[in-house]
Amino acid sequence: MEKNTRILAIETSGSTCGAALIDNSGLLGEYNLYGSNLHDRLLSENIRRLLGDLSFDVKDIDAVAVSAGPGSFTGLRIGAAVAKGLCFGDNPPLIAVPTLSALALAASQSYGKFEFYKILPVIPAYKDIIYYQEFDKAAKPKSEIQTGTISEFAVDSGNTLLCGPGAGLVSDDSSVEVLNTLSPAYIATLGMQMFREGKLTSTTDFTPHYVQEFEPKTNRKKLNI
């Protein structure tokens, strides 16, 4: 019989201050709060309540999955600190989940019945700079993480599902602004997949992909996605 694996997930890359717990059967529970200046005060309490209400302890967890960015510097820093504390000595192991990949997974599972062939999660960075990455309809990456300016960004919204907190910045079509917040349940789901594939990260080496100041190149060529 396959061992029942439990993954605790943390999402703090944006406005969500959330924790989720998943096992082989699916999502067991999640707690989310939304707003600014919440993560440092309430993330640990969310985790404590989640585990306590489900009658689990940290020793019952097989791994901790944490949103690894890109995203808010402060939010990711707090999430990383809490995850490292839980995974001291790599016990349980740490899973660094790319935020854009989790957004693509959420879009794929939530909007898969619609007609599109690309998913494009977008996260705002510094001033008018954005982070984005292209995925296929099944949320498999088709490009590396990229940066660009909002003014240079062009997208065929008829064939591409835009998502993420930056979607509304790059398109005036309100129908594309979906999933502007990320649930920790998708960090957990992708974390479970990465755990099964052995994609673990040393707590000592882990550094989130913070949003940092980006100096755009002088080439004004449109970013045709």
# chains A, B, ... in the order shown; residues from 1 in each chain; ligands from 1

call {"tool": "residues_around", "arguments": {"residues": "segment 182-199 of chain A", "least_positions_apart": "5", "cutoff": "9 Å", "atoms": "only C-alpha atoms", "output": "PyMOL selection string"}}
result
chain A and resi 5-24+26-27+29-32+63-67+95-99+101-103+105-106+164-165

call {"tool": "select_by_dssp", "arguments": {"residues": "segment 59-145 of chain A", "states": "alpha helix (DSSP H)", "output": "list in words"}}
result
Phe73, Thr74, Gly75, Leu76, Arg77, Ile78, Gly79, Ala80, Ala81, Val82, Ala83, Lys84, Gly85, Leu86, Thr99, Leu100, Ser101, Ala102, Leu103, Ala104, Leu105, Ala106, Ala107, Ser108, Gln109, Ser110 and Tyr111 of chain A

call {"tool": "write_last_selection", "arguments": {"atoms": "C-alpha atoms", "output": "PDB file, in the first residue's frame"}}
result
ATOM      1  CA  PHE A  73      10.012  40.770  -1.168  1.00  0.00           C
ATOM      2  CA  THR A  74       8.499  41.052   2.316  1.00  0.00           C
ATOM      3  CA  GLY A  75       5.951  38.284   1.831  1.00  0.00           C
ATOM      4  CA  LEU A  76       8.428  35.803   0.366  1.00  0.00           C
ATOM      5  CA  ARG A  77      10.993  36.609   3.057  1.00  0.00           C
ATOM      6  CA  ILE A  78       8.458  35.851   5.795  1.00  0.00           C
ATOM      7  CA  GLY A  79       7.249  32.666   4.102  1.00  0.00           C
ATOM      8  CA  ALA A  80      10.820  31.464   3.616  1.00  0.00           C
ATOM      9  CA  ALA A  81      11.729  32.173   7.239  1.00  0.00           C
ATOM     10  CA  VAL A  82       8.741  30.229   8.555  1.00  0.00           C
ATOM     11  CA  ALA A  83       9.346  27.335   6.147  1.00  0.00           C
ATOM     12  CA  LYS A  84      13.020  27.140   7.101  1.00  0.00           C
ATOM     13  CA  GLY A  85      12.066  27.114  10.765  1.00  0.00           C
ATOM     14  CA  LEU A  86       9.675  24.218  10.202  1.00  0.00           C
ATOM     15  CA  THR A  99       4.943  30.924  -7.976  1.00  0.00           C
ATOM     16  CA  LEU A 100       4.306  31.360 -11.702  1.00  0.00           C
ATOM     17  CA  SER A 101       4.033  27.582 -12.124  1.00  0.00           C
ATOM     18  CA  ALA A 102       1.478  27.408  -9.317  1.00  0.00           C
ATOM     19  CA  LEU A 103      -0.553  30.186 -10.943  1.00  0.00           C
ATOM     20  CA  ALA A 104      -0.472  28.312 -14.251  1.00  0.00           C
ATOM     21  CA  LEU A 105      -1.634  25.130 -12.526  1.00  0.00           C
ATOM     22  CA  ALA A 106      -4.479  27.010 -10.869  1.00  0.00           C
ATOM     23  CA  ALA A 107      -5.536  28.498 -14.205  1.00  0.00           C
ATOM     24  CA  SER A 108      -5.332  25.139 -15.965  1.00  0.00           C
ATOM     25  CA  GLN A 109      -7.482  23.385 -13.384  1.00  0.00           C
ATOM     26  CA  SER A 110      -9.966  26.252 -12.987  1.00  0.00           C
ATOM     27  CA  TYR A 111     -10.408  27.293 -16.621  1.00  0.00           C
TER      28      TYR A 111
END

call {"tool": "atom_distance", "arguments": {"atom1": "atom CA of Tyr210 of chain A", "atom2": "atom CA of Ala68 of chain A"}}
result
8.2 Å

call {"tool": "residues_around", "arguments": {"residues": "Phe116 of chain A", "least_positions_apart": "3", "cutoff": "7 Å", "atoms": "only C-alpha atoms", "output": "number ranges by chain"}}
result
A: 159-161

call {"tool": "write_last_selection", "arguments": {"atoms": "N, CA, C and O atoms", "output": "compact mmCIF listing (two decimals), in the first residue's frame"}}
result
# COMPACT_ATOMS: atom_id res chain seq x y z
N ASN A 159 -6.19 33.75 -27.68
CA ASN A 159 -5.61 32.41 -27.60
C ASN A 159 -4.84 32.16 -26.30
O ASN A 159 -4.32 31.08 -26.10
N THR A 160 -4.75 33.18 -25.46
CA THR A 160 -3.94 33.08 -24.25
C THR A 160 -4.79 33.40 -23.02
O THR A 160 -5.54 34.38 -23.02
N LEU A 161 -4.65 32.58 -21.99
CA LEU A 161 -5.31 32.86 -20.73
C LEU A 161 -4.34 33.60 -19.83
O LEU A 161 -3.35 33.03 -19.37

call {"tool": "closest_residue", "arguments": {"among": "A:Thr149, A:Ser44, A:Asn4, A:Thr201", "to": "Ser25 of chain A", "atoms": "only C-alpha atoms"}}
result
A:Asn4

call {"tool": "residues_around", "arguments": {"residues": "Ser143 of chain A", "least_positions_apart": "5", "cutoff": "10 Å", "atoms": "only C-alpha atoms", "output": "PyMOL selection string"}}
result
chain A and resi 132-136

call {"tool": "write_last_selection", "arguments": {"atoms": "C-alpha atoms", "output": "short mmCIF file (atom, residue, chain, number, x, y, z; two decimals), in the first residue's frame"}}
result
data_model
loop_
_atom_site.label_atom_id
_atom_site.label_comp_id
_atom_site.auth_asym_id
_atom_site.auth_seq_id
_atom_site.Cartn_x
_atom_site.Cartn_y
_atom_site.Cartn_z
CA TYR A 132 5.84 36.47 -16.71
CA GLN A 133 6.23 32.94 -18.05
CA GLU A 134 4.50 31.00 -20.81
CA PHE A 135 2.85 27.61 -20.15
CA ASP A 136 0.81 25.25 -22.28
#

call {"tool": "residues_around", "arguments": {"residues": "Pro124 of chain A", "least_positions_apart": "2", "cutoff": "8 Å", "atoms": "only C-alpha atoms", "output": "list in words"}}
result
Gly71, Val122, Tyr126, Asp128, Ile129, Ile130, Tyr131, Pro165 and Gly166 of chain A

call {"tool": "atom_distance", "arguments": {"atom1": "atom CA of Ile119 of chain A", "atom2": "atom CA of Lys142 of chain A"}}
result
9.6 Å

call {"tool": "residues_around", "arguments": {"residues": "Asp57 of chain A", "least_positions_apart": "5", "cutoff": "9 Å", "atoms": "only C-alpha atoms", "output": "PyMOL selection string"}}
result
chain A and resi 48+51-52

call {"tool": "closest_residue", "arguments": {"among": "A:Ser36, A:Ser55, A:Thr181, A:Ser72", "to": "His209 of chain A", "atoms": "only C-alpha atoms"}}
result
A:Ser72

call {"tool": "decode", "arguments": {"residues": "segment 113-129 of chain A", "atoms": "all heavy atoms", "output": "short mmCIF file (atom, residue, chain, number, x, y, z; two decimals), in the first residue's frame"}}
result
data_model
loop_
_atom_site.label_atom_id
_atom_site.label_comp_id
_atom_site.auth_asym_id
_atom_site.auth_seq_id
_atom_site.Cartn_x
_atom_site.Cartn_y
_atom_site.Cartn_z
N LYS A 113 -11.79 24.21 -19.31
CA LYS A 113 -12.87 23.96 -20.28
C LYS A 113 -12.95 25.05 -21.35
O LYS A 113 -13.63 24.89 -22.35
CB LYS A 113 -14.21 23.86 -19.55
CG LYS A 113 -14.65 25.14 -18.85
CD LYS A 113 -15.98 24.94 -18.14
CE LYS A 113 -16.41 26.23 -17.43
NZ LYS A 113 -17.71 26.05 -16.73
N PHE A 114 -12.26 26.17 -21.14
CA PHE A 114 -12.31 27.26 -22.11
C PHE A 114 -11.29 27.03 -23.22
O PHE A 114 -10.32 26.31 -23.06
CB PHE A 114 -12.04 28.60 -21.41
CG PHE A 114 -13.12 28.99 -20.44
CD1 PHE A 114 -12.98 28.75 -19.08
CD2 PHE A 114 -14.28 29.60 -20.89
CE1 PHE A 114 -13.97 29.10 -18.19
CE2 PHE A 114 -15.28 29.96 -20.00
CZ PHE A 114 -15.14 29.70 -18.66
N GLU A 115 -11.51 27.69 -24.34
CA GLU A 115 -10.65 27.52 -25.51
C GLU A 115 -9.45 28.47 -25.44
O GLU A 115 -9.60 29.68 -25.61
CB GLU A 115 -11.45 27.77 -26.80
CG GLU A 115 -12.50 26.70 -27.09
CD GLU A 115 -11.88 25.32 -27.28
OE1 GLU A 115 -10.79 25.24 -27.85
OE2 GLU A 115 -12.50 24.34 -26.83
N PHE A 116 -8.30 27.93 -25.18
CA PHE A 116 -7.05 28.67 -25.22
C PHE A 116 -5.93 27.64 -25.34
O PHE A 116 -6.11 26.47 -25.02
CB PHE A 116 -6.84 29.54 -23.98
CG PHE A 116 -6.82 28.78 -22.67
CD1 PHE A 116 -5.64 28.26 -22.17
CD2 PHE A 116 -7.99 28.58 -21.95
CE1 PHE A 116 -5.61 27.55 -20.99
CE2 PHE A 116 -7.97 27.87 -20.75
CZ PHE A 116 -6.78 27.36 -20.27
N TYR A 117 -4.78 28.07 -25.82
CA TYR A 117 -3.67 27.12 -25.95
C TYR A 117 -2.44 27.54 -25.18
O TYR A 117 -1.45 26.84 -25.15
CB TYR A 117 -3.33 26.86 -27.41
CG TYR A 117 -2.79 28.04 -28.18
CD1 TYR A 117 -1.44 28.36 -28.15
CD2 TYR A 117 -3.63 28.83 -28.95
CE1 TYR A 117 -0.93 29.43 -28.86
CE2 TYR A 117 -3.14 29.91 -29.66
CZ TYR A 117 -1.79 30.21 -29.62
OH TYR A 117 -1.31 31.28 -30.31
N LYS A 118 -2.50 28.71 -24.55
CA LYS A 118 -1.39 29.15 -23.71
C LYS A 118 -1.91 29.75 -22.42
O LYS A 118 -2.98 30.35 -22.40
CB LYS A 118 -0.54 30.21 -24.45
CG LYS A 118 0.30 29.69 -25.58
CD LYS A 118 1.27 30.76 -26.08
CE LYS A 118 0.52 31.93 -26.70
NZ LYS A 118 1.46 32.90 -27.33
N ILE A 119 -1.14 29.58 -21.37
CA ILE A 119 -1.41 30.24 -20.08
C ILE A 119 -0.25 31.18 -19.80
O ILE A 119 0.92 30.79 -19.93
CB ILE A 119 -1.55 29.22 -18.94
CG1 ILE A 119 -2.69 28.24 -19.22
CG2 ILE A 119 -1.80 29.94 -17.61
CD1 ILE A 119 -2.77 27.10 -18.22
N LEU A 120 -0.55 32.40 -19.43
CA LEU A 120 0.49 33.39 -19.19
C LEU A 120 0.26 34.07 -17.84
O LEU A 120 -0.47 35.05 -17.75
CB LEU A 120 0.50 34.43 -20.31
CG LEU A 120 1.76 35.27 -20.44
CD1 LEU A 120 2.95 34.40 -20.84
CD2 LEU A 120 1.57 36.38 -21.47
N PRO A 121 0.87 33.55 -16.78
CA PRO A 121 0.79 34.22 -15.48
C PRO A 121 1.68 35.46 -15.48
O PRO A 121 2.80 35.43 -16.00
CB PRO A 121 1.32 33.19 -14.49
CG PRO A 121 1.50 31.93 -15.25
CD PRO A 121 1.61 32.29 -16.68
N VAL A 122 1.18 36.54 -14.88
CA VAL A 122 1.91 37.80 -14.83
C VAL A 122 1.92 38.32 -13.40
O VAL A 122 0.88 38.37 -12.74
CB VAL A 122 1.26 38.86 -15.75
CG1 VAL A 122 2.07 40.16 -15.73
CG2 VAL A 122 1.13 38.34 -17.18
N ILE A 123 3.12 38.71 -12.93
CA ILE A 123 3.28 39.25 -11.58
C ILE A 123 3.95 40.62 -11.68
O ILE A 123 4.99 40.75 -12.34
CB ILE A 123 4.13 38.31 -10.71
CG1 ILE A 123 3.38 37.01 -10.44
CG2 ILE A 123 4.49 38.98 -9.37
CD1 ILE A 123 4.18 35.99 -9.66
N PRO A 124 3.38 41.66 -11.07
CA PRO A 124 4.02 42.97 -11.11
C PRO A 124 5.30 42.98 -10.30
O PRO A 124 5.41 42.31 -9.27
CB PRO A 124 2.97 43.91 -10.50
CG PRO A 124 2.13 43.02 -9.64
CD PRO A 124 2.14 41.67 -10.31
N ALA A 125 6.28 43.73 -10.79
CA ALA A 125 7.56 43.82 -10.10
C ALA A 125 7.81 45.25 -9.66
O ALA A 125 7.12 45.77 -8.80
CB ALA A 125 8.67 43.30 -11.00
N TYR A 126 8.78 45.89 -10.28
CA TYR A 126 9.22 47.22 -9.87
C TYR A 126 8.75 48.26 -10.86
O TYR A 126 8.98 48.13 -12.06
CB TYR A 126 10.75 47.22 -9.76
CG TYR A 126 11.35 48.53 -9.34
CD1 TYR A 126 11.36 48.92 -8.01
CD2 TYR A 126 11.91 49.40 -10.29
CE1 TYR A 126 11.93 50.13 -7.62
CE2 TYR A 126 12.48 50.60 -9.91
CZ TYR A 126 12.48 50.96 -8.57
OH TYR A 126 13.04 52.15 -8.20
N LYS A 127 8.05 49.30 -10.39
CA LYS A 127 7.50 50.34 -11.26
C LYS A 127 6.63 49.69 -12.33
O LYS A 127 5.62 49.08 -12.02
CB LYS A 127 8.62 51.20 -11.83
CG LYS A 127 9.36 52.02 -10.78
CD LYS A 127 10.40 52.92 -11.41
CE LYS A 127 11.10 53.76 -10.33
NZ LYS A 127 12.15 54.64 -10.91
N ASP A 128 7.00 49.82 -13.63
CA ASP A 128 6.17 49.23 -14.69
C ASP A 128 6.75 47.92 -15.19
O ASP A 128 6.44 47.46 -16.29
CB ASP A 128 6.00 50.23 -15.84
CG ASP A 128 7.31 50.48 -16.60
OD1 ASP A 128 8.38 50.26 -15.99
OD2 ASP A 128 7.25 50.86 -17.78
N ILE A 129 7.59 47.28 -14.37
CA ILE A 129 8.21 46.01 -14.76
C ILE A 129 7.33 44.85 -14.31
O ILE A 129 6.72 44.88 -13.24
CB ILE A 129 9.62 45.88 -14.13
CG1 ILE A 129 10.46 47.09 -14.46
CG2 ILE A 129 10.30 44.60 -14.60
CD1 ILE A 129 10.63 47.35 -15.93
#
